[in-house]
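The next block holds one structure in the form of structure tokens; read it before the comments.
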Amino acid sequence: MHTANLSLDHVIKQPKGQTEKAPVVFMFHGYGSNEQDLFSFASELPEEFFVISVKAPYPMQPSGNAWYAIYFDDANGKFSDDEQAVESRNLIAKFIDEAITAYPINKNKVTLLGFSQGSILSYAVALSYPEKVKNIVALSGYVNKDIIKSGFENNNFEHLNFYCSHGTVDQVIPIEWARKTKPFLDHLNIKNTYSEFPVGHGVAPQNFYELKEWLEKNG
């Protein structure tokens with residue numbers, strides 16, 4: 001189901017037997033993918049969750065979408081368009097507010113689940129606007145401090161909780177980048193769990209079972 005009245009295209013899955021405002025999982029896909037990608041495992045998540053899988057705003061050729069451009073001709077091999085990333089960060093923050101108004105979801109039980117670029121954006125949204133979020137599931141991403149709102153260190157993070165995971169042989173985002181996440185979050189006194197799995201740039205089955213268990217406990 002696509003709904004046109006909100007600022008970003010998305011698909012939804014409603015919880016079973018819902019009688020009150022439901023906890024919600026917002027899904028943010030990776031570079032070159034679309035809203036159907038992560039949505040494919042929405043049915044595997046705890047059934048009390050309202051699931052909203054969001055499509056990134058920048059179309060790519062011949063298909064897919066991106067949250068921001070990546071230029072592969074930079075001297076360092078890759079270069080992210082941080083201005084576009086900040087625009088997407090703010091779009092997501094706005095979209096969360098719109099969805100809370102449009103759907104029967106609980107604004108105090110918001111989970112962001114991102115993969116790769118979607119994970120990088122989930123970190124940025126949660127650290128820039130912690131009042132909007134409760135849980136963050138960050139898969140195969142890293143913290144890009146350049147796209148977090150300035151002065152974020154002074155925010156109140158006491159209710160945030162992160163589940164972070166990465167593949168040890170990830171050929172897209174080096175494991176070394178991901179390993180900086182836990183010390184970074186620990187330094188800010190943010191509750192977090194960090195796991196590694198012997199895979200590349202993807203989500204291993206045991207990774208999915210672990211995050212599902214974490215969601216059931218913390219959602």
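Letters A, B, ... mark the chains of the structure tokens in the order given; residue numbers begin at 1 per chain; ligand numbers begin at 1, in order shown.
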
Contacts of segment 206-214 of chain A at 9 Å or less, counting only C-alpha atoms, minus same-chain residues fewer than 5 places along, as a ChimeraX atom specification?
/A:44-46,137,163-166,195-197,219

Would you save the residues of that selection, restricted to N, CA and C atoms, as a PDB file, in the first residue's frame?
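Dumped to again_16.pdb:
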ATOM      1  N   GLU A  44       8.106 -11.051   9.426  1.00  0.00           N
ATOM      2  CA  GLU A  44       8.876 -11.822  10.407  1.00  0.00           C
ATOM      3  C   GLU A  44       9.053 -11.062  11.729  1.00  0.00           C
ATOM      4  N   LEU A  45       8.741  -9.780  11.720  1.00  0.00           N
ATOM      5  CA  LEU A  45       8.891  -8.981  12.945  1.00  0.00           C
ATOM      6  C   LEU A  45       7.732  -9.262  13.894  1.00  0.00           C
ATOM      7  N   PRO A  46       7.894  -8.939  15.179  1.00  0.00           N
ATOM      8  CA  PRO A  46       6.788  -9.139  16.124  1.00  0.00           C
ATOM      9  C   PRO A  46       5.503  -8.495  15.595  1.00  0.00           C
ATOM     10  N   VAL A 137      17.788   0.275  15.182  1.00  0.00           N
ATOM     11  CA  VAL A 137      18.440  -0.950  14.718  1.00  0.00           C
ATOM     12  C   VAL A 137      19.290  -0.538  13.519  1.00  0.00           C
ATOM     13  N   TYR A 163      20.682  -1.082  18.695  1.00  0.00           N
ATOM     14  CA  TYR A 163      21.194  -2.400  18.337  1.00  0.00           C
ATOM     15  C   TYR A 163      21.987  -2.210  17.040  1.00  0.00           C
ATOM     16  N   CYS A 164      23.281  -2.476  17.082  1.00  0.00           N
ATOM     17  CA  CYS A 164      24.156  -2.255  15.925  1.00  0.00           C
ATOM     18  C   CYS A 164      24.803  -3.581  15.533  1.00  0.00           C
ATOM     19  N   SER A 165      24.878  -3.843  14.229  1.00  0.00           N
ATOM     20  CA  SER A 165      25.553  -5.061  13.785  1.00  0.00           C
ATOM     21  C   SER A 165      26.265  -4.814  12.464  1.00  0.00           C
ATOM     22  N   HIS A 166      27.261  -5.672  12.205  1.00  0.00           N
ATOM     23  CA  HIS A 166      28.072  -5.491  10.996  1.00  0.00           C
ATOM     24  C   HIS A 166      28.693  -6.824  10.602  1.00  0.00           C
ATOM     25  N   SER A 195      27.057  -6.175  17.653  1.00  0.00           N
ATOM     26  CA  SER A 195      27.357  -7.562  17.272  1.00  0.00           C
ATOM     27  C   SER A 195      28.028  -7.618  15.910  1.00  0.00           C
ATOM     28  N   GLU A 196      28.869  -8.623  15.732  1.00  0.00           N
ATOM     29  CA  GLU A 196      29.491  -8.866  14.430  1.00  0.00           C
ATOM     30  C   GLU A 196      29.162 -10.282  13.963  1.00  0.00           C
ATOM     31  N   PHE A 197      29.054 -10.424  12.642  1.00  0.00           N
ATOM     32  CA  PHE A 197      28.742 -11.719  12.045  1.00  0.00           C
ATOM     33  C   PHE A 197      29.686 -11.963  10.864  1.00  0.00           C
ATOM     34  N   GLY A 219      11.063  -3.240  22.291  1.00  0.00           N
ATOM     35  CA  GLY A 219      10.092  -2.468  21.507  1.00  0.00           C
ATOM     36  C   GLY A 219       9.034  -1.795  22.335  1.00  0.00           C
TER      37      GLY A 219
END

Please identify the helix (DSSP H, G or I) residues within segment 48-185 of chain A (assignment by DSSP from backbone atoms) and present them as a short mmCIF file (atom, residue, chain, number, x, y, z; two decimals) with C-alpha atoms, in the first residue's frame.
data_model
loop_
_atom_site.label_atom_id
_atom_site.label_comp_id
_atom_site.auth_asym_id
_atom_site.auth_seq_id
_atom_site.Cartn_x
_atom_site.Cartn_y
_atom_site.Cartn_z
CA ASP A 82 26.74 15.27 3.07
CA GLU A 83 24.45 18.15 2.07
CA GLN A 84 22.02 15.70 0.50
CA ALA A 85 22.39 13.45 3.54
CA VAL A 86 21.43 16.30 5.88
CA GLU A 87 18.41 17.05 3.66
CA SER A 88 17.37 13.40 3.91
CA ARG A 89 17.95 13.44 7.68
CA ASN A 90 15.52 16.35 8.01
CA LEU A 91 13.05 14.77 5.57
CA ILE A 92 12.98 11.61 7.70
CA ALA A 93 12.46 13.65 10.89
CA LYS A 94 9.54 15.45 9.21
CA PHE A 95 8.14 12.17 7.86
CA ILE A 96 8.13 10.62 11.36
CA ASP A 97 5.96 13.52 12.59
CA GLU A 98 3.64 13.17 9.58
CA ALA A 99 3.26 9.41 10.08
CA ILE A 100 2.45 9.83 13.78
CA THR A 101 -0.40 12.14 12.75
CA ALA A 102 -1.58 9.95 9.86
CA GLN A 117 22.87 4.21 3.95
CA GLY A 118 19.57 3.85 5.80
CA SER A 119 21.54 2.90 8.91
CA ILE A 120 23.85 5.93 8.60
CA LEU A 121 20.75 8.14 8.34
CA SER A 122 19.11 6.40 11.32
CA TYR A 123 22.13 7.27 13.48
CA ALA A 124 21.96 10.88 12.28
CA VAL A 125 18.21 11.24 12.91
CA ALA A 126 18.32 9.65 16.36
CA LEU A 127 21.31 11.68 17.55
CA SER A 128 19.98 14.94 16.04
CA PRO A 130 16.42 11.99 20.09
CA GLU A 131 13.01 13.17 21.30
CA LYS A 132 11.44 11.53 18.22
CA LYS A 145 29.39 12.92 12.50
CA ASP A 146 29.31 15.43 9.63
CA ILE A 147 25.59 14.82 9.07
CA PHE A 152 24.10 17.11 19.35
CA GLU A 153 26.39 16.13 22.25
CA ASN A 154 24.19 18.26 24.54
CA ILE A 175 34.35 -3.25 9.73
CA GLU A 176 36.85 -0.74 11.23
CA TRP A 177 34.33 2.06 10.67
CA ALA A 178 31.57 0.10 12.41
CA THR A 181 30.29 2.96 16.92
CA LYS A 182 30.23 1.34 20.36
CA PRO A 183 32.96 3.57 21.89
CA PHE A 184 31.21 6.59 20.35
CA LEU A 185 27.82 5.67 21.87
#

Can you pull out the residues contacting Leu112 of chain A? Cut-off 8 Å, using only C-alpha atoms, and skip same-chain residues under 5 positions away; I want them as a compact mmCIF listing (two decimals) with N, CA and C atoms, in the first residue's frame.
# COMPACT_ATOMS: atom_id res chain seq x y z
N VAL A 25 7.87 0.47 13.61
CA VAL A 25 9.22 0.33 13.04
C VAL A 25 9.24 1.06 11.70
N PHE A 26 10.10 2.08 11.60
CA PHE A 26 10.35 2.74 10.31
C PHE A 26 11.57 2.07 9.69
N MET A 27 11.43 1.65 8.43
CA MET A 27 12.55 0.98 7.74
C MET A 27 13.15 1.90 6.68
N PHE A 28 14.49 1.94 6.64
CA PHE A 28 15.20 2.79 5.68
C PHE A 28 16.23 1.94 4.94
N SER A 122 19.79 6.69 10.04
CA SER A 122 19.11 6.40 11.32
C SER A 122 19.93 6.91 12.50
N VAL A 133 12.60 9.48 18.85
CA VAL A 133 12.96 8.07 18.65
C VAL A 133 13.18 7.37 20.00
N ASN A 135 14.10 3.45 19.84
CA ASN A 135 15.06 2.39 19.50
C ASN A 135 15.63 2.60 18.10
N ILE A 136 16.87 2.15 17.92
CA ILE A 136 17.51 2.21 16.61
C ILE A 136 18.15 0.86 16.33
N VAL A 137 17.79 0.27 15.18
CA VAL A 137 18.44 -0.95 14.72
C VAL A 137 19.29 -0.54 13.52
N ALA A 138 20.60 -0.52 13.72
CA ALA A 138 21.53 -0.02 12.70
C ALA A 138 22.34 -1.19 12.12

Run DSSP on the backbone of this structure and report the residues of segment 5-217 of chain A it assigns to strand (DSSP E or B), as number ranges by chain.
A: 10-13, 22-28, 33, 50-54, 58-59, 65-66, 70-71, 79-80, 105-115, 135-139, 161-167, 191-197

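Each of A:Gly200, A:Pro23, A:Gly30, A:Gly64 was checked against Pro104 of chain A using only C-alpha atoms; the smallest atom-to-atom distance is that of A:Pro23.
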
Write out as a PyMOL selection string the residues lying within 10 Å of Gly32 of chain A, counting only C-alpha atoms and excluding same-chain residues fewer than 2 positions away.
chain A and resi 29-30+34+56+58-67+69+117

task = Compile the contact shell of segment 8-22 of chain A as a list in words: residues with an atom at most 8 Å away, counting only C-alpha atoms, same-chain residues fewer than 4 positions apart removed.
result = Met1, His2, Thr3, Ala4, Glu35, Gln36, Phe39, Ala42, Glu47, Glu48, Phe49, Phe50, Val51, Ile52, Ser53, Val54, Lys55, Ala56, Pro57, Leu91, Phe95, Pro104, Ile105, Asn106 and Lys109 of chain A
